[in-house]
>>> print(open('structure19.txt').read())   # compact mmCIF, C-alpha atoms
# COMPACT_ATOMS: atom_id res chain seq x y z
CA MET Y 1149 -68.28 -21.38 -102.76
CA GLY Y 1150 -66.87 -24.63 -101.39
CA LEU Y 1151 -63.78 -24.86 -99.24
CA GLN Y 1152 -60.74 -25.65 -101.35
CA GLN Y 1153 -57.81 -27.51 -99.83
CA LYS Y 1154 -55.40 -24.79 -101.00
CA ASP Y 1155 -57.44 -22.18 -99.11
CA VAL Y 1156 -56.58 -23.68 -95.75
CA ILE Y 1157 -53.23 -23.14 -94.09
CA SER Y 1158 -53.75 -26.29 -92.07
CA THR Y 1159 -52.36 -29.11 -89.99
CA ALA Y 1160 -55.51 -31.15 -90.61
CA GLU Y 1161 -53.94 -33.32 -93.31
CA ASN Y 1162 -50.91 -33.93 -91.11
CA ALA Y 1163 -53.19 -34.97 -88.28
CA HIS Y 1164 -55.04 -37.29 -90.64
CA SER Y 1165 -51.80 -38.91 -91.75
CA ILE Y 1166 -50.65 -39.33 -88.17
CA ALA Y 1167 -53.98 -40.92 -87.25
CA HIS Y 1168 -53.48 -43.57 -89.93
CA GLN Y 1169 -49.93 -44.24 -88.76
CA ARG Y 1170 -51.13 -45.18 -85.29
CA LYS Y 1171 -51.08 -48.81 -84.28
CA PRO Y 1172 -54.40 -50.56 -83.68
CA LEU Y 1173 -55.85 -50.07 -80.22
CA THR Y 1174 -54.80 -52.57 -77.57
CA MET Y 1175 -56.46 -53.40 -74.27
CA GLU Y 1176 -53.83 -51.22 -72.59
CA ASP Y 1177 -54.81 -48.35 -74.89
CA LEU Y 1178 -58.45 -48.80 -73.88
CA THR Y 1179 -57.66 -48.32 -70.18
CA PRO Y 1180 -57.37 -44.48 -70.21
CA ILE Y 1181 -60.55 -44.34 -72.31
CA LEU Y 1182 -62.52 -46.72 -70.10
CA PHE Y 1183 -61.36 -44.96 -66.93
CA GLY Y 1184 -61.05 -41.50 -68.45
CA ALA Y 1185 -63.36 -39.96 -65.82
CA SER Y 1186 -61.02 -41.18 -63.09
CA ALA Y 1187 -57.96 -39.94 -64.97
CA PHE Y 1188 -59.45 -36.44 -65.09
CA GLN Y 1189 -60.26 -36.56 -61.38
CA TYR Y 1190 -56.58 -37.18 -60.64
CA LEU Y 1191 -55.69 -34.11 -62.70
CA ASN Y 1192 -58.35 -32.03 -60.97
CA ALA Y 1193 -57.24 -33.20 -57.52
CA ALA Y 1194 -53.58 -32.51 -58.30
CA CYS Y 1195 -54.56 -28.93 -59.23
CA ASP Y 1196 -57.17 -28.38 -56.50
CA ILE Y 1197 -55.14 -29.82 -53.63
CA GLY Y 1198 -52.02 -28.05 -54.83
CA LEU Y 1199 -49.70 -30.97 -55.55
CA LEU Y 1200 -48.39 -29.64 -58.85
CA ASP Y 1201 -47.89 -26.11 -57.52
CA LEU Y 1202 -46.05 -27.53 -54.52
CA LEU Y 1203 -43.69 -29.64 -56.64
CA HIS Y 1204 -42.95 -26.64 -58.81
CA GLU Y 1205 -42.01 -24.55 -55.78
CA LYS Y 1206 -40.25 -27.39 -53.95
CA PRO Y 1207 -39.22 -30.22 -56.30
CA ASN Y 1208 -37.79 -33.52 -54.98
CA LEU Y 1209 -39.89 -33.67 -51.83
CA SER Y 1210 -40.43 -37.10 -50.31
CA LYS Y 1211 -43.90 -38.63 -50.04
CA ASP Y 1212 -44.03 -37.87 -46.31
CA GLU Y 1213 -42.98 -34.27 -46.90
CA ILE Y 1214 -45.65 -33.84 -49.57
CA ALA Y 1215 -48.30 -35.35 -47.30
CA LYS Y 1216 -47.37 -33.01 -44.48
CA LYS Y 1217 -47.40 -29.87 -46.61
CA LEU Y 1218 -50.72 -30.82 -48.25
CA ASN Y 1219 -52.22 -32.02 -44.96
CA LEU Y 1220 -53.07 -35.45 -46.39
CA GLN Y 1221 -53.24 -38.74 -44.51
CA PRO Y 1222 -50.99 -41.69 -45.60
CA ARG Y 1223 -53.73 -43.50 -47.54
CA ALA Y 1224 -54.79 -40.30 -49.32
CA ILE Y 1225 -51.25 -39.41 -50.44
CA ASP Y 1226 -50.71 -43.00 -51.59
CA ILE Y 1227 -53.82 -42.78 -53.78
CA LEU Y 1228 -52.97 -39.35 -55.15
CA LEU Y 1229 -49.37 -40.20 -56.06
CA LEU Y 1230 -50.34 -43.60 -57.46
CA GLY Y 1231 -52.58 -41.78 -59.92
CA THR Y 1232 -50.38 -38.83 -60.82
CA ASN Y 1233 -47.32 -41.07 -61.25
CA SER Y 1234 -49.24 -43.63 -63.33
CA LEU Y 1235 -50.60 -40.88 -65.57
CA GLY Y 1236 -47.20 -39.22 -65.89
CA LEU Y 1237 -48.27 -35.96 -64.25
CA THR Y 1238 -45.56 -36.52 -61.63
CA GLU Y 1239 -42.52 -38.74 -61.46
CA LYS Y 1240 -40.62 -40.34 -58.58
CA LYS Y 1241 -36.88 -39.78 -58.76
CA GLU Y 1242 -34.20 -40.92 -56.34
CA GLN Y 1243 -34.26 -37.52 -54.64
CA GLY Y 1244 -38.06 -37.31 -54.47
CA TYR Y 1245 -41.08 -36.40 -56.59
CA VAL Y 1246 -41.09 -33.90 -59.48
CA ASN Y 1247 -43.62 -32.57 -61.97
CA ALA Y 1248 -43.80 -33.80 -65.56
CA ASP Y 1249 -41.81 -31.65 -67.95
CA VAL Y 1250 -44.98 -30.48 -69.70
CA ILE Y 1251 -46.34 -29.09 -66.41
CA GLU Y 1252 -43.14 -27.15 -65.85
CA GLN Y 1253 -43.28 -25.90 -69.43
CA LEU Y 1254 -46.80 -24.55 -68.89
CA ILE Y 1255 -45.66 -22.77 -65.74
CA ALA Y 1256 -42.57 -21.34 -67.45
CA ALA Y 1257 -44.73 -20.07 -70.33
CA GLY Y 1258 -47.06 -18.25 -67.91
CA GLN Y 1259 -49.98 -20.50 -68.90
CA TRP Y 1260 -50.41 -22.56 -65.75
CA GLN Y 1261 -53.30 -20.52 -64.34
CA ILE Y 1262 -54.98 -20.68 -67.74
CA PHE Y 1263 -54.64 -24.45 -67.70
CA LYS Y 1264 -56.02 -24.66 -64.15
CA ASP Y 1265 -59.01 -22.50 -65.14
CA VAL Y 1266 -59.78 -24.99 -67.92
CA VAL Y 1267 -59.58 -27.83 -65.38
CA GLY Y 1268 -61.93 -25.90 -63.08
CA PHE Y 1269 -64.41 -25.38 -65.90
CA GLU Y 1270 -64.41 -29.07 -66.75
CA GLN Y 1271 -64.90 -30.01 -63.09
CA HIS Y 1272 -67.52 -27.46 -62.01
CA VAL Y 1273 -69.44 -26.74 -65.23
CA VAL Y 1274 -69.00 -29.65 -67.63
CA TYR Y 1275 -68.45 -32.77 -65.57
CA GLU Y 1276 -71.85 -33.60 -64.14
CA GLY Y 1277 -73.83 -32.84 -67.29
CA GLN Y 1278 -71.67 -35.08 -69.45
CA VAL Y 1279 -73.34 -38.11 -67.90
CA ASP Y 1280 -76.25 -37.30 -70.22
CA PHE Y 1281 -74.13 -37.33 -73.39
CA SER Y 1282 -75.61 -40.57 -74.71
CA GLU Y 1283 -79.16 -39.41 -74.06
CA SER Y 1284 -78.31 -36.06 -75.67
CA LEU Y 1285 -77.23 -37.85 -78.84
CA LYS Y 1286 -80.38 -40.00 -78.86
CA THR Y 1287 -82.64 -36.97 -78.52
CA ASN Y 1288 -80.41 -34.50 -80.39
CA SER Y 1289 -80.78 -32.04 -77.52
CA ASN Y 1290 -78.80 -30.81 -74.53
CA VAL Y 1291 -80.27 -33.18 -71.92
CA GLY Y 1292 -77.45 -32.41 -69.47
CA ILE Y 1293 -78.84 -28.91 -68.89
CA ARG Y 1294 -81.28 -30.54 -66.45
CA ARG Y 1295 -78.39 -30.89 -64.02
CA ILE Y 1296 -77.81 -27.12 -63.98
CA ARG Y 1297 -80.10 -25.43 -61.44
CA GLY Y 1298 -82.25 -22.62 -62.80
CA SER Y 1299 -85.02 -21.80 -65.25
CA GLY Y 1300 -83.11 -20.03 -68.03
CA ARG Y 1301 -83.40 -21.39 -71.56
CA ASP Y 1302 -79.71 -22.35 -71.71
CA LEU Y 1303 -76.59 -22.55 -69.57
CA TYR Y 1304 -75.73 -18.89 -70.09
CA HIS Y 1305 -79.07 -17.74 -68.70
CA ARG Y 1306 -78.72 -20.02 -65.63
CA LEU Y 1307 -75.23 -19.03 -64.53
CA SER Y 1308 -76.38 -16.16 -62.32
CA GLU Y 1309 -78.37 -18.68 -60.24
CA ASN Y 1310 -75.22 -20.76 -59.67
CA PRO Y 1311 -72.51 -18.40 -58.35
CA HIS Y 1312 -69.78 -21.04 -57.90
CA MET Y 1313 -70.37 -22.37 -61.41
CA GLU Y 1314 -70.60 -18.84 -62.79
CA GLN Y 1315 -67.17 -17.98 -61.36
CA ALA Y 1316 -65.63 -21.15 -62.83
CA PHE Y 1317 -67.27 -20.41 -66.18
CA TYR Y 1318 -66.02 -16.83 -66.45
CA ASN Y 1319 -62.55 -17.78 -65.21
CA TYR Y 1320 -62.40 -20.36 -67.98
CA MET Y 1321 -63.75 -18.09 -70.72
CA HIS Y 1322 -61.31 -15.36 -69.76
CA SER Y 1323 -58.36 -17.77 -69.71
CA TRP Y 1324 -59.37 -19.66 -72.86
CA SER Y 1325 -59.72 -16.39 -74.74
CA GLU Y 1326 -56.43 -15.12 -73.32
CA LEU Y 1327 -54.74 -18.31 -74.54
CA SER Y 1328 -56.19 -18.15 -78.04
CA ASN Y 1329 -56.43 -14.38 -78.64
CA PRO Y 1330 -52.89 -14.06 -80.02
CA LEU Y 1331 -53.90 -16.41 -82.84
CA LEU Y 1332 -56.74 -14.06 -83.77
CA TRP Y 1333 -54.71 -10.89 -84.06
CA GLN Y 1334 -51.71 -12.67 -85.62
CA HIS Y 1335 -53.74 -14.24 -88.45
CA ALA Y 1336 -56.95 -12.23 -88.98
CA ASP Y 1337 -56.85 -9.12 -91.14
CA PHE Y 1338 -58.14 -6.04 -89.32
CA SER Y 1339 -56.06 -3.56 -91.34
CA ASN Y 1340 -58.99 -2.11 -93.28
CA VAL Y 1341 -61.53 -2.41 -90.47
CA LYS Y 1342 -62.59 0.50 -88.26
CA LYS Y 1343 -65.59 -0.59 -86.19
CA VAL Y 1344 -66.16 -4.15 -84.99
CA ILE Y 1345 -69.21 -5.86 -83.48
CA ASP Y 1346 -68.05 -8.60 -81.09
CA VAL Y 1347 -71.10 -10.89 -80.88
CA GLY Y 1348 -71.32 -12.58 -77.49
CA GLY Y 1349 -68.05 -10.95 -76.50
CA GLY Y 1350 -68.24 -12.17 -72.91
CA THR Y 1351 -66.36 -10.24 -70.27
CA GLY Y 1352 -64.44 -8.20 -72.83
CA VAL Y 1353 -61.22 -10.17 -72.96
CA ASN Y 1354 -61.36 -10.46 -76.77
CA ALA Y 1355 -62.23 -6.81 -77.29
CA ILE Y 1356 -59.55 -5.59 -74.89
CA ALA Y 1357 -56.89 -7.68 -76.59
CA LEU Y 1358 -57.98 -6.50 -80.04
CA ALA Y 1359 -58.10 -2.86 -78.97
CA LYS Y 1360 -54.55 -3.12 -77.64
CA ALA Y 1361 -53.28 -4.93 -80.74
CA PHE Y 1362 -55.05 -2.57 -83.18
CA PRO Y 1363 -55.21 1.00 -81.80
CA HIS Y 1364 -57.39 2.15 -84.72
CA LEU Y 1365 -60.28 -0.19 -83.83
CA GLU Y 1366 -63.52 0.74 -82.07
CA ILE Y 1367 -65.42 -2.28 -80.73
CA THR Y 1368 -69.01 -2.89 -79.64
CA ILE Y 1369 -69.65 -5.98 -77.52
CA LEU Y 1370 -73.12 -7.56 -77.65
CA GLU Y 1371 -73.93 -9.53 -74.48
CA ILE Y 1372 -76.71 -10.77 -72.22
CA ALA Y 1373 -77.70 -8.69 -69.20
CA GLY Y 1374 -75.80 -10.69 -66.60
CA THR Y 1375 -72.48 -10.28 -68.39
CA VAL Y 1376 -72.73 -6.58 -69.28
CA PRO Y 1377 -71.58 -5.14 -65.90
CA ILE Y 1378 -68.66 -7.58 -65.67
CA ALA Y 1379 -67.48 -6.59 -69.14
CA ARG Y 1380 -67.83 -2.87 -68.43
CA GLN Y 1381 -65.84 -3.21 -65.23
CA ARG Y 1382 -62.97 -4.97 -66.98
CA ILE Y 1383 -62.98 -2.48 -69.85
CA ALA Y 1384 -62.87 0.42 -67.39
CA LYS Y 1385 -59.97 -1.22 -65.57
CA ALA Y 1386 -58.13 -1.44 -68.90
CA GLY Y 1387 -58.85 2.26 -69.56
CA LEU Y 1388 -60.59 1.55 -72.87
CA GLU Y 1389 -64.12 2.90 -72.29
CA ASP Y 1390 -63.66 5.36 -75.17
CA ARG Y 1391 -63.02 2.56 -77.69
CA ILE Y 1392 -64.98 -0.43 -76.36
CA HIS Y 1393 -68.72 -0.23 -75.75
CA VAL Y 1394 -70.97 -2.92 -74.24
CA VAL Y 1395 -74.57 -3.24 -75.40
CA HIS Y 1396 -77.22 -5.48 -73.87
CA CYS Y 1397 -78.43 -7.64 -76.75
CA ASP Y 1398 -80.15 -10.97 -77.19
CA MET Y 1399 -78.40 -12.04 -80.38
CA PHE Y 1400 -81.36 -14.07 -81.65
CA HIS Y 1401 -84.15 -11.64 -80.79
CA ASP Y 1402 -82.56 -8.19 -81.12
CA HIS Y 1403 -81.15 -6.45 -84.19
CA PHE Y 1404 -77.40 -5.97 -84.46
CA PRO Y 1405 -76.40 -2.29 -84.34
CA GLN Y 1406 -75.70 -0.41 -87.57
CA GLY Y 1407 -72.55 1.52 -88.45
CA HIS Y 1408 -69.91 -1.20 -88.23
CA ASP Y 1409 -67.75 -2.65 -91.00
CA CYS Y 1410 -66.86 -5.95 -89.32
CA VAL Y 1411 -68.75 -8.58 -87.31
CA LEU Y 1412 -66.70 -10.95 -85.17
CA PHE Y 1413 -68.00 -14.31 -83.93
CA SER Y 1414 -65.37 -15.49 -81.47
CA HIS Y 1415 -66.00 -18.85 -79.74
CA GLN Y 1416 -69.66 -18.35 -80.58
CA LEU Y 1417 -70.76 -20.49 -83.52
CA VAL Y 1418 -69.70 -23.71 -81.79
CA ILE Y 1419 -72.67 -23.29 -79.43
CA TRP Y 1420 -75.62 -23.24 -81.81
CA THR Y 1421 -77.30 -25.39 -84.44
CA PRO Y 1422 -76.40 -24.97 -88.13
CA GLU Y 1423 -79.75 -23.25 -88.69
CA GLN Y 1424 -79.08 -20.79 -85.87
CA ASN Y 1425 -75.57 -20.11 -87.17
CA ILE Y 1426 -76.96 -19.25 -90.60
CA GLU Y 1427 -79.47 -16.97 -88.89
CA LEU Y 1428 -76.69 -15.16 -87.01
CA LEU Y 1429 -74.58 -14.82 -90.15
CA LYS Y 1430 -77.58 -13.37 -92.01
CA LYS Y 1431 -78.04 -10.82 -89.21
CA ALA Y 1432 -74.41 -9.84 -89.70
CA GLN Y 1433 -74.96 -9.62 -93.46
CA ASP Y 1434 -77.96 -7.33 -92.91
CA VAL Y 1435 -76.04 -4.67 -90.98
CA LEU Y 1436 -72.71 -4.72 -92.82
CA PRO Y 1437 -72.00 -2.29 -95.66
CA ALA Y 1438 -70.90 -3.55 -99.07
CA GLY Y 1439 -67.36 -4.84 -98.66
CA GLY Y 1440 -67.87 -5.32 -94.93
CA LYS Y 1441 -66.28 -8.33 -93.31
CA VAL Y 1442 -67.32 -11.20 -91.07
CA ILE Y 1443 -64.66 -13.04 -89.04
CA ILE Y 1444 -65.29 -16.40 -87.39
CA PHE Y 1445 -62.80 -17.56 -84.76
CA ASN Y 1446 -63.12 -20.76 -82.74
CA SER Y 1447 -62.12 -24.41 -82.62
CA ILE Y 1448 -62.77 -26.25 -85.90
CA SER Y 1449 -62.63 -29.96 -86.75
CA ASN Y 1450 -61.23 -31.34 -89.98
CA ASP Y 1451 -63.35 -32.23 -92.98
CA LYS Y 1452 -62.55 -35.95 -92.84
CA GLY Y 1453 -64.19 -36.28 -89.46
CA ASP Y 1454 -61.29 -37.88 -87.61
CA GLY Y 1455 -59.89 -35.09 -85.49
CA PRO Y 1456 -58.29 -33.22 -83.98
CA LEU Y 1457 -58.85 -35.18 -80.77
CA MET Y 1458 -59.52 -32.06 -78.70
CA ALA Y 1459 -62.27 -31.08 -81.14
CA ALA Y 1460 -63.97 -34.44 -80.62
CA LEU Y 1461 -63.68 -34.37 -76.82
CA ASP Y 1462 -64.85 -30.76 -76.56
CA SER Y 1463 -67.94 -31.62 -78.59
CA VAL Y 1464 -69.28 -33.71 -75.69
CA TYR Y 1465 -69.83 -30.49 -73.71
CA PHE Y 1466 -71.56 -28.71 -76.58
CA ALA Y 1467 -73.80 -31.70 -77.30
CA ALA Y 1468 -74.88 -32.33 -73.71
CA ILE Y 1469 -75.06 -29.05 -71.83
CA PRO Y 1470 -75.05 -25.43 -72.98
CA ALA Y 1471 -77.81 -25.04 -75.58
CA GLU Y 1472 -80.00 -26.91 -78.06
CA GLY Y 1473 -77.19 -27.51 -80.53
CA GLY Y 1474 -73.51 -27.06 -81.13
CA MET Y 1475 -70.30 -29.00 -81.59
CA ILE Y 1476 -66.83 -28.34 -82.93
CA TYR Y 1477 -67.98 -28.05 -86.53
CA ALA Y 1478 -65.88 -28.78 -89.63
CA TRP Y 1479 -64.42 -26.29 -92.10
CA HIS Y 1480 -66.82 -27.12 -94.93
CA GLN Y 1481 -69.85 -26.45 -92.72
CA TYR Y 1482 -68.78 -22.87 -92.08
CA MET Y 1483 -68.22 -22.36 -95.78
CA GLU Y 1484 -71.72 -23.65 -96.54
CA TRP Y 1485 -73.28 -21.37 -93.91
CA LEU Y 1486 -71.43 -18.31 -95.19
CA ASP Y 1487 -72.63 -19.10 -98.70
CA ALA Y 1488 -76.21 -19.51 -97.47
CA ALA Y 1489 -75.98 -16.14 -95.68
CA GLY Y 1490 -74.79 -14.38 -98.85
CA PHE Y 1491 -71.11 -13.87 -98.05
CA LYS Y 1492 -68.36 -14.30 -100.64
CA ASP Y 1493 -64.58 -14.64 -100.98
CA ALA Y 1494 -64.23 -16.82 -97.90
CA LYS Y 1495 -60.71 -17.48 -96.69
CA ALA Y 1496 -59.89 -20.17 -94.12
CA ILE Y 1497 -56.81 -20.23 -91.89
CA ASP Y 1498 -56.00 -23.10 -89.55
CA CYS Y 1499 -53.99 -21.67 -86.65
CA GLU Y 1500 -51.32 -24.20 -85.78
CA GLY Y 1501 -51.13 -24.79 -82.05
CA TRP Y 1502 -52.13 -26.94 -79.10
CA THR Y 1503 -55.80 -26.02 -79.53
CA PRO Y 1504 -57.62 -26.64 -82.84
CA HIS Y 1505 -58.40 -22.99 -83.51
CA GLY Y 1506 -59.21 -21.65 -86.93
CA ILE Y 1507 -60.25 -18.40 -88.60
CA ILE Y 1508 -62.61 -17.87 -91.51
CA GLU Y 1509 -63.02 -14.44 -93.11
CA ALA Y 1510 -65.60 -13.50 -95.72
CA THR Y 1511 -66.96 -10.31 -97.24
CA LYS Y 1512 -70.40 -8.95 -98.08
>>> encode(input="structure19.txt", output="C-alpha cells")
Amino acid sequence: MGLQQKDVISTAENAHSIAHQRKPLTMEDLTPILFGASAFQYLNAACDIGLLDLLHEKPNLSKDEIAKKLNLQPRAIDILLLGTNSLGLTEKKEQGYVNADVIEQLIAAGQWQIFKDVVGFEQHVVYEGQVDFSESLKTNSNVGIRRIRGSGRDLYHRLSENPHMEQAFYNYMHSWSELSNPLLWQHADFSNVKKVIDVGGGTGVNAIALAKAFPHLEITILEIAGTVPIARQRIAKAGLEDRIHVVHCDMFHDHFPQGHDCVLFSHQLVIWTPEQNIELLKKAQDVLPAGGKVIIFNSISNDKGDGPLMAALDSVYFAAIPAEGGMIYAWHQYMEWLDAAGFKDAKAIDCEGWTPHGIIEATK
C-alpha cells in the first residue's frame, strides 16, 4: 500500500521545483544561517520588549520616541533597530519606523498572538536544548532533555516542574493548534464518524474546535495526568462537557477505550520513533470496529527529502529535546506504518498553507 503521487493533493513537487530553481548559496546567503541564533534573538526581543506591537499602534515613531516608550537606553535601541531593520522586521522611512508588511498582515489576520506564542515556545522551551542537536544526532537520542529540570522520562512529564516553561509550552500548543485546526476540519472527512478518540489531545483545543465544527461528534481526549485538569477547565468554559470527555491515559502503557469509530493523532506522531508510531497505530487498530477510521494530522516533509524548510528546522526540536525519537516524517513513512498496523485505503492530503501540515486517513 505505497503512497502514490496522485493520492496526494500537494505542494511538495512545487517546492521541489522551486528548490532547484534557487541560485547556489553565496557567502551573503550563509550569513543568516551562520548567525541564525542571533537573528532569532532579534525577533524574540522585538516581541518581548514590545517593539512590533508599539509600531503597529503608533507607526512612524522616531528612534528617540521608540526608546522613550520602550524605556531603552540609546545604545540598546541602536542595537535593537540595527537588527530588526537589517532583518526586515522593521523599516526606517522618512517619517519614522514602521513594521514589515508581513507583521501587519499577521496582526490584521488576528494571528499575531499565535505567532508570538510560537516565538515564546522557541525561546523558553526549545532554544537551550538545541545546543545538543549535534550530540543528539550522534547518539540518536534526545540529549537536550538534560537541560530541562526534572526527573520525568520526557519533556511532557517534566513540564509541571518548570512552571514558566509549562506556560510557554501550553500557550504554544494552544496557538499552534488554533492556527492549524481549520485545515483539519476543512480537509478531513468526519461525515460518517460519531465518536472520536483524540490521542494526546492536549488542553482540548483540537476537540473543542472539532465539536464546534461537527455538532454530531462526541470526543474522548486521552492525556497525561498533568494536562487533564487544564483540558477539563477549557472544555467546561466552552460548555461542551456533554460531548467532550477527558481520560487520564498513558498512551504507551494503557489500553485505548472501546466504543469509538475514529482515532485521531493530531500533532502526535512527530514526537515518537517509527517503532512507537506503529505501536500506537496498532493500538488504534485494536479498538476500532471494522470500517473504523484513523486520521493523522501534523506537519509532514516531502518524500524527496528536501523540504519544506519549516519541516527541516522543526525537526531540530524533535531530535534534541522532547522524547527518544521524532522528526517531521515524510509521507511514505506514514503509509508504511499504516500498512504495518493493518490499515487499508490510505488517502493523503497535503494542506496548502504557511505550515507544512498534512492529513492521512485510513480504514480498518
>>> closest_atom_pairs(input="structure19.txt", of="segment 1295-1326 of chain Y", to="segment 1239-1260 of chain Y", cutoff="12 Å", atoms="only C-alpha atoms", output="CSV")
residue,atom,partner,partner_atom,distance
Y:Ser1323,CA,Y:Gln1259,CA,8.9
Y:Trp1324,CA,Y:Gln1259,CA,10.2
Y:Glu1326,CA,Y:Gln1259,CA,9.5
>>> closest_residue(input="structure19.txt", among="Y:His1322, Y:Trp1333, Y:Gly1268, Y:Thr1179", to="Arg1382 of chain Y", atoms="only C-alpha atoms")
Y:His1322
>>> closest_residue(input="structure19.txt", among="Y:Ile1197, Y:Ile1476, Y:Ala1336, Y:Ile1378", to="Gly1453 of chain Y", atoms="only C-alpha atoms")
Y:Ile1476
>>> residues_near_point(input="structure19.txt", point="(-68.2, -25.0, -79.5)", cutoff="7 Å", atoms="all atoms listed in the file", output="list of chain:residue names")
Y:His1415, Y:Gln1416, Y:Leu1417, Y:Val1418, Y:Ile1419, Y:Ser1447, Y:Ser1463, Y:Phe1466, Y:Gly1474, Y:Met1475, Y:Ile1476
>>> atom_distance(input="structure19.txt", atom1="atom CA of Asn1290 of chain Y", atom2="atom CA of Val1273 of chain Y")
13.8 Å
>>> closest_residue(input="structure19.txt", among="Y:Asn1219, Y:Gln1433, Y:Ser1414, Y:Gln1406", to="Asn1329 of chain Y", atoms="all atoms listed in the file")
Y:Ser1414
